[in-house]
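Asks: Dumping the structure here so I can ask a few things about it.
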Amino acid sequence: MTKNKKISDEDARLFRDAMKQTRPIQTDKVSFNKRRPKPIPRQRLQDEQQVMDDLLSDAFDVSDVETGEELMFARTGLQHNVLRKLRRGQFPVEEELDLHGQTVNTARIAMTEFLHHCLGRRLRCVRIVHGKGFRSKNQKPILKNKVNNWLRQRDEVLAFCSARPVDGGTGAVYILLKTS
């Protein structure tokens with residue numbers, strides 16, 4: 001290819017015809033008045049989402065419980081008489097969630113939304129009915145084990161224990177929540 005190519009008379013005429021309606025620019029400087037968009041903290045948002053996903057992950061290893069076994073958990077520093085009152089059902093249950101017949105994924109989402117709702121309303125004691133697992137494969141309580149694991153991972157849960165027989169027994173748990 002040659003660098004100096006001659007423009008034909010025909011091309012020059014076409015160019016001049018195309019430029020008839022144009023006018024010269026007064027300045028050769030361009031100003032942009034467009035505002036920059038606010039920065040989006042994508043990494044922080046991804047990190048926060050990962051924390052939420054990990055918060056209720058199934059990777060938490062607690063030995064499986066059997067049907068009929070009582071669940072009980074209390075954070076370090078919780079007074080023994082508070083746990084005793086919870087086990088006896090002496091705290092009024094202010095809200096309840098029934099997870100019967102739900103899959104693990106829908107139960108996890110429902111429980112997360114339920115606890116968020118309860119914290120927003122500053123409820124102290126709630127109940128989750130997870131079932132005893134009699135209709136599960138091998139008669140194993142799948143949701144009971146999952147709820148046991150999930151609740152232990154939630155900082156807002158001070159304690160939980162199996163309910164009294166009149167409130168669902170080993171198929172439900174009372175949960176004591178932080179109010180502040």
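In the structure tokens, each chain is lettered A, B, ... as it comes, each chain's residues begin at 1, and ligands are numbered from 1 in order of appearance.
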Looking only at the backbone, which of the residues in region 55-171 of chain A does DSSP tag as strand (DSSP E or B), as a list in words?

Replies: Met72, Phe73, Ala74, Glu95, Glu96, Leu97, Asp98, Cys125, Val126, Arg127, Ile128, Val129, Val157, Leu158, Ala159, Phe160, Cys161 and Ser162 of chain A

Asks: Residues of region 7-121 of chain A that approach region 156-172 of chain A to 9 Å or less, counting only C-alpha atoms: could you list each one with the shortest pair of atoms and its distance in Å to one decimal, rows by chain and increasing residue number, as CSV?

Replies:
residue,atom,partner,partner_atom,distance
A:Thr67,CA,A:Thr170,CA,7.7
A:Gly68,CA,A:Thr170,CA,5.6
A:Glu69,CA,A:Thr170,CA,6.5
A:Glu70,CA,A:Ser162,CA,5.4
A:Leu71,CA,A:Cys161,CA,5.1
A:Met72,CA,A:Cys161,CA,4.1
A:Phe73,CA,A:Phe160,CA,5.3
A:Ala74,CA,A:Ala159,CA,4.2
A:Arg75,CA,A:Leu158,CA,5.5
A:Thr76,CA,A:Leu158,CA,8.8
A:Leu78,CA,A:Leu158,CA,7.4
A:Leu83,CA,A:Ala159,CA,7.2
A:Leu86,CA,A:Cys161,CA,7.4
A:Arg87,CA,A:Cys161,CA,6.2
A:Arg88,CA,A:Arg164,CA,6.9
A:Gly89,CA,A:Arg164,CA,6.7
A:Asp98,CA,A:Ala172,CA,8.7
A:Leu115,CA,A:Glu156,CA,8.8
A:Leu119,CA,A:Glu156,CA,8.2

Asks: For a test of reading the model, state the distance in Å between CA of Gln46 (chain A) and CA of Cys118 (chain A), rounded to one decimal.

Replies: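 Between CA of Gln46 (chain A) and CA of Cys118 (chain A) the gap is 25.7 Å.
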
Asks: So, with only C-alpha atoms as the atoms that count, which of A:Val93, A:Leu99, A:Ile109, A:Ile142 lies closest to His130 (chain A)?

Replies: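 Closest to His130 (chain A), using only C-alpha atoms: A:Leu99.
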
Asks: So which bits of chain A end up alpha helix (DSSP H) when you DSSP the backbone, as a PyMOL selection string?

Replies: chain A and resi 9-18+42-55+80-87+104-120+142-152

Asks: Those selected residues, please, written with C-alpha atoms and delivered as a PDB file, in the first residue's frame.

Replies:
ATOM      1  CA  ASP A   9     -11.718  14.610  -8.983  1.00  0.00           C
ATOM      2  CA  GLU A  10     -15.019  12.738  -8.674  1.00  0.00           C
ATOM      3  CA  ASP A  11     -14.400  11.940  -4.963  1.00  0.00           C
ATOM      4  CA  ALA A  12     -13.398  15.565  -4.272  1.00  0.00           C
ATOM      5  CA  ARG A  13     -16.591  16.817  -5.952  1.00  0.00           C
ATOM      6  CA  LEU A  14     -18.767  14.375  -3.939  1.00  0.00           C
ATOM      7  CA  PHE A  15     -17.086  15.503  -0.734  1.00  0.00           C
ATOM      8  CA  ARG A  16     -17.647  19.209  -1.492  1.00  0.00           C
ATOM      9  CA  ASP A  17     -21.307  18.523  -2.337  1.00  0.00           C
ATOM     10  CA  ALA A  18     -21.786  16.687   0.959  1.00  0.00           C
ATOM     11  CA  ARG A  42     -19.885  -3.855  43.960  1.00  0.00           C
ATOM     12  CA  GLN A  43     -17.365  -5.801  46.022  1.00  0.00           C
ATOM     13  CA  ARG A  44     -18.964  -4.751  49.300  1.00  0.00           C
ATOM     14  CA  LEU A  45     -22.397  -5.700  47.977  1.00  0.00           C
ATOM     15  CA  GLN A  46     -21.049  -9.077  46.841  1.00  0.00           C
ATOM     16  CA  ASP A  47     -19.406  -9.602  50.235  1.00  0.00           C
ATOM     17  CA  GLU A  48     -22.626  -8.765  52.059  1.00  0.00           C
ATOM     18  CA  GLN A  49     -24.600 -11.153  49.847  1.00  0.00           C
ATOM     19  CA  GLN A  50     -22.022 -13.883  50.474  1.00  0.00           C
ATOM     20  CA  VAL A  51     -22.365 -13.328  54.224  1.00  0.00           C
ATOM     21  CA  MET A  52     -26.141 -13.673  53.921  1.00  0.00           C
ATOM     22  CA  ASP A  53     -25.766 -16.856  51.886  1.00  0.00           C
ATOM     23  CA  ASP A  54     -23.196 -18.292  54.304  1.00  0.00           C
ATOM     24  CA  LEU A  55     -25.237 -17.287  57.325  1.00  0.00           C
ATOM     25  CA  HIS A  80     -29.639 -20.587  83.447  1.00  0.00           C
ATOM     26  CA  ASN A  81     -32.972 -19.440  84.827  1.00  0.00           C
ATOM     27  CA  VAL A  82     -33.782 -17.737  81.478  1.00  0.00           C
ATOM     28  CA  LEU A  83     -33.218 -21.031  79.646  1.00  0.00           C
ATOM     29  CA  ARG A  84     -35.251 -22.857  82.299  1.00  0.00           C
ATOM     30  CA  LYS A  85     -38.163 -20.434  81.815  1.00  0.00           C
ATOM     31  CA  LEU A  86     -37.922 -20.891  78.049  1.00  0.00           C
ATOM     32  CA  ARG A  87     -38.020 -24.707  78.397  1.00  0.00           C
ATOM     33  CA  VAL A 104     -35.226 -27.285  52.677  1.00  0.00           C
ATOM     34  CA  ASN A 105     -34.740 -24.230  50.433  1.00  0.00           C
ATOM     35  CA  THR A 106     -38.217 -22.796  50.950  1.00  0.00           C
ATOM     36  CA  ALA A 107     -37.969 -23.488  54.691  1.00  0.00           C
ATOM     37  CA  ARG A 108     -34.645 -21.627  54.889  1.00  0.00           C
ATOM     38  CA  ILE A 109     -36.061 -18.611  53.098  1.00  0.00           C
ATOM     39  CA  ALA A 110     -39.259 -18.670  55.159  1.00  0.00           C
ATOM     40  CA  MET A 111     -37.301 -18.910  58.409  1.00  0.00           C
ATOM     41  CA  THR A 112     -34.983 -16.038  57.418  1.00  0.00           C
ATOM     42  CA  GLU A 113     -37.916 -13.801  56.500  1.00  0.00           C
ATOM     43  CA  PHE A 114     -39.787 -14.818  59.662  1.00  0.00           C
ATOM     44  CA  LEU A 115     -36.866 -13.970  61.952  1.00  0.00           C
ATOM     45  CA  HIS A 116     -36.287 -10.683  60.117  1.00  0.00           C
ATOM     46  CA  HIS A 117     -39.983  -9.837  60.576  1.00  0.00           C
ATOM     47  CA  CYS A 118     -39.843 -10.747  64.280  1.00  0.00           C
ATOM     48  CA  LEU A 119     -36.708  -8.661  64.876  1.00  0.00           C
ATOM     49  CA  GLY A 120     -38.308  -5.708  63.121  1.00  0.00           C
ATOM     50  CA  ILE A 142     -34.678 -33.311  57.935  1.00  0.00           C
ATOM     51  CA  LEU A 143     -36.101 -29.884  58.759  1.00  0.00           C
ATOM     52  CA  LYS A 144     -35.512 -30.410  62.470  1.00  0.00           C
ATOM     53  CA  ASN A 145     -31.781 -30.885  61.821  1.00  0.00           C
ATOM     54  CA  LYS A 146     -31.659 -27.938  59.423  1.00  0.00           C
ATOM     55  CA  VAL A 147     -33.491 -25.601  61.805  1.00  0.00           C
ATOM     56  CA  ASN A 148     -31.151 -26.734  64.598  1.00  0.00           C
ATOM     57  CA  ASN A 149     -28.123 -25.799  62.452  1.00  0.00           C
ATOM     58  CA  TRP A 150     -29.564 -22.576  61.041  1.00  0.00           C
ATOM     59  CA  LEU A 151     -30.615 -21.160  64.408  1.00  0.00           C
ATOM     60  CA  ARG A 152     -27.174 -21.786  65.916  1.00  0.00           C
TER      61      ARG A 152
END

Asks: Which of these, A:Ile25, A:Gln79, A:Glu95, A:Lys34, has the shortest distance to Arg121 (chain A) once you count only C-alpha atoms?

Replies: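 So, comparing all the options, the nearest one is A:Glu95.
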
Asks: Rounded to one decimal in Å, what is the spacing between CA of Ser180 (chain A) and CA of Leu123 (chain A)?

Replies: 10.1 Å

Asks: Excluding Cys125 (chain A) and any residue of its chain fewer than 2 positions from it, enumerate the residues within 8 Å of it, using only C-alpha atoms, and give them as a PDB file with N, CA and C atoms, in the first residue's frame.

Replies:
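File result.pdb, as written:
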ATOM      1  N   PHE A  91     -42.329 -17.970  78.691  1.00  0.00           N
ATOM      2  CA  PHE A  91     -42.323 -16.751  77.888  1.00  0.00           C
ATOM      3  C   PHE A  91     -43.510 -16.825  76.933  1.00  0.00           C
ATOM      4  N   PRO A  92     -44.278 -15.752  76.810  1.00  0.00           N
ATOM      5  CA  PRO A  92     -45.400 -15.798  75.859  1.00  0.00           C
ATOM      6  C   PRO A  92     -44.884 -15.856  74.416  1.00  0.00           C
ATOM      7  N   VAL A  93     -45.410 -16.798  73.650  1.00  0.00           N
ATOM      8  CA  VAL A  93     -45.035 -16.927  72.242  1.00  0.00           C
ATOM      9  C   VAL A  93     -45.788 -15.847  71.474  1.00  0.00           C
ATOM     10  N   GLU A  94     -45.025 -14.943  70.845  1.00  0.00           N
ATOM     11  CA  GLU A  94     -45.620 -13.783  70.196  1.00  0.00           C
ATOM     12  C   GLU A  94     -45.899 -13.997  68.709  1.00  0.00           C
ATOM     13  N   GLU A  95     -45.246 -14.979  68.099  1.00  0.00           N
ATOM     14  CA  GLU A  95     -45.432 -15.251  66.669  1.00  0.00           C
ATOM     15  C   GLU A  95     -45.024 -16.690  66.401  1.00  0.00           C
ATOM     16  N   LEU A 123     -39.916  -8.660  68.716  1.00  0.00           N
ATOM     17  CA  LEU A 123     -40.529  -9.762  69.457  1.00  0.00           C
ATOM     18  C   LEU A 123     -39.454 -10.493  70.246  1.00  0.00           C
ATOM     19  N   ARG A 127     -42.051 -19.157  68.030  1.00  0.00           N
ATOM     20  CA  ARG A 127     -42.020 -20.613  67.886  1.00  0.00           C
ATOM     21  C   ARG A 127     -41.949 -20.970  66.410  1.00  0.00           C
ATOM     22  N   TYR A 174     -39.065 -23.314  70.769  1.00  0.00           N
ATOM     23  CA  TYR A 174     -39.211 -21.946  71.246  1.00  0.00           C
ATOM     24  C   TYR A 174     -37.887 -21.254  70.964  1.00  0.00           C
ATOM     25  N   ILE A 175     -37.948 -20.024  70.516  1.00  0.00           N
ATOM     26  CA  ILE A 175     -36.743 -19.258  70.205  1.00  0.00           C
ATOM     27  C   ILE A 175     -36.772 -17.952  70.966  1.00  0.00           C
ATOM     28  N   LEU A 176     -35.697 -17.679  71.687  1.00  0.00           N
ATOM     29  CA  LEU A 176     -35.543 -16.432  72.411  1.00  0.00           C
ATOM     30  C   LEU A 176     -34.647 -15.508  71.588  1.00  0.00           C
ATOM     31  N   LEU A 177     -35.165 -14.352  71.222  1.00  0.00           N
ATOM     32  CA  LEU A 177     -34.453 -13.421  70.337  1.00  0.00           C
ATOM     33  C   LEU A 177     -33.918 -12.209  71.091  1.00  0.00           C
TER      34      LEU A 177
END
